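Just start03.csv here, CSV, C-alpha atoms and all ligand atoms:
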```csv
chain,number,residue,atom,x,y,z
A,1,MET,CA,-2.2,-11.1,16.3
A,2,LYS,CA,-3.4,-12.5,13.0
A,3,THR,CA,-3.0,-9.8,10.4
A,4,ILE,CA,-4.0,-9.4,6.8
A,5,LEU,CA,-1.4,-6.9,5.4
A,6,ILE,CA,-2.4,-4.9,2.3
A,7,TYR,CA,0.9,-5.2,0.5
A,8,SER,CA,2.0,-3.3,-2.6
A,9,GLY,CA,5.7,-4.4,-2.7
A,10,GLY,CA,6.7,-0.7,-2.2
A,11,MET,CA,8.9,0.6,0.6
A,12,ASP,CA,6.2,1.5,3.1
A,13,SER,CA,4.3,-1.7,3.1
A,14,THR,CA,7.5,-3.8,3.0
A,15,THR,CA,8.7,-2.0,6.1
A,16,LEU,CA,5.3,-2.7,7.7
A,17,LEU,CA,5.7,-6.4,6.7
A,18,TYR,CA,9.1,-6.6,8.4
A,19,LYS,CA,7.8,-4.7,11.5
A,20,LEU,CA,4.7,-6.9,12.0
A,21,ARG,CA,6.8,-10.0,11.5
A,22,ALA,CA,9.3,-8.8,14.1
A,23,GLU,CA,6.4,-8.2,16.5
A,24,GLY,CA,5.4,-11.8,16.1
A,25,ASP,CA,2.2,-11.4,14.0
A,26,LEU,CA,0.9,-14.3,12.0
A,27,LEU,CA,0.8,-12.6,8.6
A,28,HIS,CA,-1.1,-13.1,5.3
A,29,ALA,CA,-0.2,-10.6,2.6
A,30,LEU,CA,-2.7,-9.4,0.0
A,31,SER,CA,-1.7,-7.6,-3.1
A,32,PHE,CA,-4.1,-6.2,-5.7
A,33,ASP,CA,-3.8,-6.3,-9.5
A,34,TYR,CA,-6.1,-3.4,-10.4
A,35,GLY,CA,-4.5,-2.9,-13.8
A,36,GLN,CA,-2.0,-0.5,-12.4
A,37,ARG,CA,0.7,0.9,-14.8
A,38,HIS,CA,3.4,-0.2,-12.3
A,39,LYS,CA,2.4,-3.8,-12.2
A,40,LYS,CA,6.0,-4.6,-11.5
A,41,GLU,CA,5.3,-3.9,-7.8
A,42,LEU,CA,3.4,-7.2,-7.7
A,43,LYS,CA,6.5,-9.1,-8.7
A,44,ALA,CA,8.5,-7.3,-6.0
A,45,ALA,CA,5.8,-8.2,-3.4
A,46,ALA,CA,5.8,-11.9,-4.4
A,47,LYS,CA,9.6,-12.1,-4.2
A,48,ILE,CA,9.8,-10.5,-0.8
A,49,CYS,CA,7.0,-12.6,0.7
A,50,LYS,CA,8.8,-15.7,-0.7
A,51,LYS,CA,12.0,-14.6,0.9
A,52,LEU,CA,10.3,-14.2,4.3
A,53,ASN,CA,8.1,-17.2,3.9
A,54,VAL,CA,5.0,-15.2,4.4
A,55,PRO,CA,1.8,-16.4,2.6
A,56,HIS,CA,1.0,-14.0,-0.2
A,57,LYS,CA,-2.0,-13.7,-2.5
A,58,ILE,CA,-2.3,-11.5,-5.6
A,59,VAL,CA,-6.0,-10.7,-6.0
A,60,ASP,CA,-6.9,-10.0,-9.6
A,61,ILE,CA,-9.5,-7.2,-9.6
A,62,THR,CA,-8.8,-6.1,-13.2
A,63,ALA,CA,-12.5,-7.1,-13.9
A,64,VAL,CA,-13.5,-3.9,-12.2
A,65,LYS,CA,-10.7,-1.8,-13.6
A,66,ASN,CA,-13.2,0.2,-15.7
A,67,LEU,CA,-14.7,1.4,-12.5
A,68,MET,CA,-11.4,2.8,-11.3
A,69,GLU,CA,-10.3,4.7,-14.4
A,70,GLY,CA,-9.5,8.4,-14.6
A,71,SER,CA,-6.2,8.1,-12.8
A,72,ALA,CA,-2.7,8.2,-14.3
A,73,LEU,CA,-2.1,4.9,-12.6
A,74,THR,CA,-5.0,3.1,-14.3
A,75,SER,CA,-5.5,5.0,-17.6
A,76,GLY,CA,-2.8,4.7,-20.2
A,77,ARG,CA,-3.8,8.0,-21.8
A,78,ILE,CA,-3.2,10.1,-18.7
A,79,LYS,CA,0.4,11.0,-18.2
A,80,VAL,CA,2.1,10.3,-14.8
A,81,PRO,CA,2.9,13.7,-13.3
A,82,GLU,CA,6.4,14.5,-12.0
A,83,GLY,CA,7.2,16.3,-8.7
A,84,HIS,CA,6.2,16.1,-5.0
A,85,TYR,CA,3.1,14.7,-3.5
A,86,GLN,CA,2.2,18.2,-2.4
A,87,ASP,CA,1.9,19.4,-6.0
A,88,LYS,CA,-1.6,19.8,-7.3
A,89,THR,CA,-0.7,18.0,-10.5
A,90,MET,CA,-0.2,14.8,-8.4
A,91,ARG,CA,-3.9,14.5,-8.0
A,92,ALA,CA,-3.8,12.7,-11.4
A,93,THR,CA,-2.4,9.7,-9.5
A,94,VAL,CA,-5.4,9.4,-7.1
A,95,VAL,CA,-7.2,6.1,-8.1
A,96,PRO,CA,-11.0,6.3,-7.5
A,97,ASN,CA,-11.8,4.9,-4.1
A,98,ARG,CA,-8.8,2.7,-4.1
A,99,ASN,CA,-8.1,2.2,-0.4
A,100,MET,CA,-11.7,1.7,0.4
A,101,ILE,CA,-11.9,-1.1,-2.1
A,102,PHE,CA,-8.6,-2.6,-0.9
A,103,ILE,CA,-9.6,-2.4,2.8
A,104,ALA,CA,-13.1,-3.8,2.1
A,105,LEU,CA,-11.7,-6.8,0.4
A,106,ALA,CA,-9.0,-7.3,3.0
A,107,ILE,CA,-11.7,-7.2,5.8
A,108,ALA,CA,-13.6,-9.9,3.9
A,109,GLN,CA,-10.4,-12.0,3.8
A,110,ALA,CA,-9.8,-11.4,7.5
A,111,VAL,CA,-13.4,-12.5,8.4
A,112,SER,CA,-13.2,-15.6,6.2
A,113,MET,CA,-9.8,-16.6,7.5
A,114,LYS,CA,-10.7,-15.8,11.2
A,115,PHE,CA,-8.0,-13.2,11.4
A,116,ASP,CA,-8.0,-10.2,13.9
A,117,ARG,CA,-7.1,-7.2,11.8
A,118,VAL,CA,-6.2,-5.6,8.6
A,119,ALA,CA,-3.0,-3.5,8.4
A,120,ILE,CA,-2.2,-0.8,5.8
A,121,ALA,CA,1.0,1.3,5.4
A,122,VAL,CA,-0.5,4.7,4.8
A,123,HIS,CA,1.7,7.5,6.2
A,124,ALA,CA,1.7,11.3,6.9
A,125,GLY,CA,3.3,12.1,3.6
A,126,ASP,CA,0.3,10.7,1.8
A,127,HIS,CA,-2.2,13.0,3.5
A,128,ALA,CA,-1.6,16.0,1.2
A,129,ILE,CA,-2.8,14.3,-1.9
A,130,TYR,CA,-4.6,11.1,-1.1
A,131,PRO,CA,-7.8,11.5,0.9
A,132,ASP,CA,-8.1,7.8,1.4
A,133,CYS,CA,-4.8,7.8,3.4
A,134,ARG,CA,-5.9,10.4,5.9
A,135,PRO,CA,-6.6,9.7,9.6
A,136,ALA,CA,-10.3,10.5,9.3
A,137,PHE,CA,-10.7,7.9,6.6
A,138,ILE,CA,-8.8,5.2,8.4
A,139,LYS,CA,-10.8,5.9,11.6
A,140,ALA,CA,-14.1,5.7,9.6
A,141,MET,CA,-13.1,2.5,8.0
A,142,HIS,CA,-12.2,1.0,11.4
A,143,THR,CA,-15.6,2.0,12.7
A,144,ALA,CA,-17.4,0.7,9.6
A,145,SER,CA,-15.5,-2.6,9.8
A,146,LYS,CA,-16.7,-3.2,13.4
A,147,ILE,CA,-20.3,-2.7,12.3
A,148,ALA,CA,-20.2,-4.6,9.0
A,149,ASN,CA,-19.5,-8.1,10.3
A,150,TYR,CA,-20.2,-10.2,13.4
A,151,GLU,CA,-16.4,-10.5,13.6
A,152,LYS,CA,-14.8,-7.3,14.8
A,153,ILE,CA,-11.9,-6.7,12.4
A,154,ALA,CA,-9.7,-3.8,13.4
A,155,ILE,CA,-8.0,-1.6,10.9
A,156,SER,CA,-4.4,-0.9,11.9
A,157,ALA,CA,-2.3,1.9,10.3
A,158,PRO,CA,0.8,2.2,12.5
A,159,PHE,CA,2.6,4.6,10.1
A,160,LEU,CA,-0.4,7.0,9.9
A,161,ASN,CA,1.3,9.9,11.6
A,162,ILE,CA,4.9,9.4,10.7
A,163,THR,CA,6.9,10.4,7.6
A,164,LYS,CA,8.4,8.3,4.9
A,165,ARG,CA,11.8,9.2,6.3
A,166,ASP,CA,10.8,7.8,9.7
A,167,ILE,CA,9.6,4.7,7.9
A,168,ALA,CA,13.0,4.3,6.3
A,169,LYS,CA,14.7,4.6,9.7
A,170,ILE,CA,12.5,1.8,11.1
A,171,GLY,CA,13.2,-0.2,8.0
A,172,HIS,CA,17.0,0.2,8.2
A,173,GLN,CA,16.9,-1.1,11.8
A,174,LEU,CA,14.8,-4.1,10.7
A,175,GLY,CA,17.1,-4.8,7.7
A,176,VAL,CA,14.5,-4.2,5.0
A,177,PRO,CA,16.0,-4.9,1.6
A,178,TYR,CA,14.8,-1.7,-0.1
A,179,GLU,CA,16.6,-2.7,-3.3
A,180,LEU,CA,14.0,-5.4,-3.8
A,181,THR,CA,11.0,-3.1,-3.4
A,182,TRP,CA,9.4,-1.2,-6.3
A,183,THR,CA,8.1,2.3,-6.0
A,184,CYS,CA,8.0,4.1,-9.4
A,185,TYR,CA,4.5,4.8,-10.8
A,186,LYS,CA,5.7,4.5,-14.4
A,187,GLY,CA,6.6,0.8,-14.0
A,188,LEU,CA,9.3,0.9,-16.8
A,189,HIS,CA,12.5,-1.1,-16.8
A,190,LYS,CA,14.2,1.3,-14.3
A,191,PRO,CA,12.7,3.8,-11.8
A,192,CYS,CA,12.1,7.1,-13.6
A,193,GLY,CA,13.4,9.2,-10.7
A,194,LYS,CA,11.0,12.0,-11.4
A,195,CYS,CA,7.4,10.9,-10.5
A,196,GLY,CA,6.0,11.7,-7.1
A,197,ALA,CA,6.6,8.2,-5.8
A,198,CYS,CA,10.3,8.2,-7.0
A,199,VAL,CA,10.9,11.7,-5.5
A,200,GLU,CA,9.4,10.8,-2.1
A,201,ARG,CA,11.4,7.5,-2.0
A,202,GLN,CA,14.7,9.2,-2.8
A,203,GLU,CA,14.1,11.9,-0.2
A,204,ALA,CA,13.3,9.3,2.4
A,205,LEU,CA,16.2,7.0,1.7
A,206,CYS,CA,19.0,9.7,1.3
B,301,ZN,ZN,9.1,7.1,-11.0
```
Spell out the structure here as structure tokens.
Ligand SMILES: [Zn+2]
Amino acid sequence: MKTILIYSGGMDSTTLLYKLRAEGDLLHALSFDYGQRHKKELKAAAKICKKLNVPHKIVDITAVKNLMEGSALTSGRIKVPEGHYQDKTMRATVVPNRNMIFIALAIAQAVSMKFDRVAIAVHAGDHAIYPDCRPAFIKAMHTASKIANYEKIAISAPFLNITKRDIAKIGHQLGVPYELTWTCYKGLHKPCGKCGACVERQEALC
């Protein structure tokens, strides 16, 4: 399979990168600079792709950053909430239509490169807070993708129904270097240990 991987440099998509590589996919990783507060993740993504010799592109979509404001991840004036993904306050981290934008651009890349599919590392733990990580959304995008182009690009989300802890188990078997990945939403020098992303990561890796 020739797969475009939507790759953030975090633990879920890095595990998917290692998994698809182990399965023999020809991979092309795409990361997006959408003006996120935790831009550090892009450096982690680049480093890991280099280590694995996987072609990687950072797509600068900061020109449309204004269209994606209103989230703590894209607006400096909104504070990053602390706690679990299940907490209502975590809704502040939902970026307007993010995954639809990412998947749409990745489909375009797949068509133009004559690839077979787009892979994304959404998982069950994301469902509570992020509507664009839920099975109904992924299914709808898969359907839309098949209609939108002459080339039938599939959307693959192999972690859709498993937890972050399950992902960590798969990653440990594959030797994923989690110390190189970046998760924290705050994007400071060190992970804050308190934001939703940090909390979920700690619980999955413990
Ligand atoms: Zn954090």
Taking all atoms listed in the file into account, report as a PyMOL selection string which residues have an atom no farther than 9 Å from an atom of ligand ZN 301 (chain B).
chain A and resi 80+82+183-188+190-199
Between A:Phe159, A:Tyr85, A:Tyr7, A:Tyr18, which has the minimum distance to Glu200 in chain A (counting all atoms listed in the file)?
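Answer, going by the shortest atom-to-atom distance: A:Tyr85.
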With the cut-off set at 6 Å and counting only C-alpha atoms, tabulate each residue of range 86-182 of chain A with an atom at most that distance from an atom of range 67-75 of chain A, showing the nearest atom pair and its distance in Å to one decimal, ordered by chain and increasing number, as a Markdown table.
```
| residue | atom | partner | partner_atom | distance |
| --- | --- | --- | --- | --- |
| A:Ala92 | CA | A:Ser71 | CA | 5.4 |
| A:Thr93 | CA | A:Ala72 | CA | 5.0 |
| A:Val94 | CA | A:Ser71 | CA | 5.9 |
| A:Val95 | CA | A:Ser71 | CA | 5.2 |
| A:Pro96 | CA | A:Met68 | CA | 5.2 |
```
State, in Å with one decimal place, the distance from CA of His142 in chain A to CA of Arg201 in chain A.
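We find that CA of His142 in chain A and CA of Arg201 in chain A lie 27.9 Å from each other.
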Using only C-alpha atoms, which residue out of A:Ile101, A:Ala128, A:Cys133, A:Ala121 lies closest to Thr15 in chain A?
A:Ala121
Write out as a PyMOL selection string each polymer residue whose atoms come within 12 Å of Ile170 in chain A, counting all atoms listed in the file; drop sequence neighbours fewer than 6 positions from it.
chain A and resi 11-20+22+158-159+162-164+176+178+204-205
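Take CA of Val118 in chain A and CA of Met90 in chain A: the distance between them is 27.2 Å.
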Taking all atoms listed in the file into account, name the residue in A:Thr181, A:Thr62, A:Gln202, A:Ser112 that is nearest to Gln36 in chain A.
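The shortest atom-to-atom distance to Gln36 in chain A comes from A:Thr62.
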Go ahead and compute the interatomic distance for CA of Lys146 in chain A and CA of Ile6 in chain A, in Å to one decimal.
18.2 Å
Smallest atom-to-atom distance to Ala136 in chain A: which of A:Ala108, A:Ile120, A:Ile153, A:Leu160, using only C-alpha atoms?
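Closest to Ala136 in chain A of all the choices is A:Leu160.
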Please list as an MDAnalysis selection string every residue within 12 Å of Met113 in chain A, counting all atoms listed in the file and excluding residues in the same chain fewer than 5 positions away.
chainID A and resid 2:4 26:28 106:108 118 151 153
Write a file of the selected residues as a PDB file, in the coordinates of the input, keeping C-alpha atoms.
```
ATOM      1  CA  LYS A   2      -3.400 -12.500  13.000  1.00  0.00           C
ATOM      2  CA  THR A   3      -3.000  -9.800  10.400  1.00  0.00           C
ATOM      3  CA  ILE A   4      -4.000  -9.400   6.800  1.00  0.00           C
ATOM      4  CA  LEU A  26       0.900 -14.300  12.000  1.00  0.00           C
ATOM      5  CA  LEU A  27       0.800 -12.600   8.600  1.00  0.00           C
ATOM      6  CA  HIS A  28      -1.100 -13.100   5.300  1.00  0.00           C
ATOM      7  CA  ALA A 106      -9.000  -7.300   3.000  1.00  0.00           C
ATOM      8  CA  ILE A 107     -11.700  -7.200   5.800  1.00  0.00           C
ATOM      9  CA  ALA A 108     -13.600  -9.900   3.900  1.00  0.00           C
ATOM     10  CA  VAL A 118      -6.200  -5.600   8.600  1.00  0.00           C
ATOM     11  CA  GLU A 151     -16.400 -10.500  13.600  1.00  0.00           C
ATOM     12  CA  ILE A 153     -11.900  -6.700  12.400  1.00  0.00           C
TER      13      ILE A 153
END
```
Might you pull out every residue within 12 Å of Ile61 in chain A, with only C-alpha atoms counted and same-chain residues fewer than 3 positions away left off, and present them as an MDAnalysis selection string?
chainID A and resid 30:36 58 64:68 98 101:102 105
Pull C-alpha atoms from the residues just selected and write them as an mmCIF file, in the frame of the given file.
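Full text of selection_30.cif as output:
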```cif
data_model
loop_
_atom_site.group_PDB
_atom_site.id
_atom_site.type_symbol
_atom_site.label_atom_id
_atom_site.label_comp_id
_atom_site.auth_asym_id
_atom_site.auth_seq_id
_atom_site.Cartn_x
_atom_site.Cartn_y
_atom_site.Cartn_z
ATOM 1 C CA LEU A 30 -2.700 -9.400 0.000
ATOM 2 C CA SER A 31 -1.700 -7.600 -3.100
ATOM 3 C CA PHE A 32 -4.100 -6.200 -5.700
ATOM 4 C CA ASP A 33 -3.800 -6.300 -9.500
ATOM 5 C CA TYR A 34 -6.100 -3.400 -10.400
ATOM 6 C CA GLY A 35 -4.500 -2.900 -13.800
ATOM 7 C CA GLN A 36 -2.000 -0.500 -12.400
ATOM 8 C CA ILE A 58 -2.300 -11.500 -5.600
ATOM 9 C CA VAL A 64 -13.500 -3.900 -12.200
ATOM 10 C CA LYS A 65 -10.700 -1.800 -13.600
ATOM 11 C CA ASN A 66 -13.200 0.200 -15.700
ATOM 12 C CA LEU A 67 -14.700 1.400 -12.500
ATOM 13 C CA MET A 68 -11.400 2.800 -11.300
ATOM 14 C CA ARG A 98 -8.800 2.700 -4.100
ATOM 15 C CA ILE A 101 -11.900 -1.100 -2.100
ATOM 16 C CA PHE A 102 -8.600 -2.600 -0.900
ATOM 17 C CA LEU A 105 -11.700 -6.800 0.400
#
```
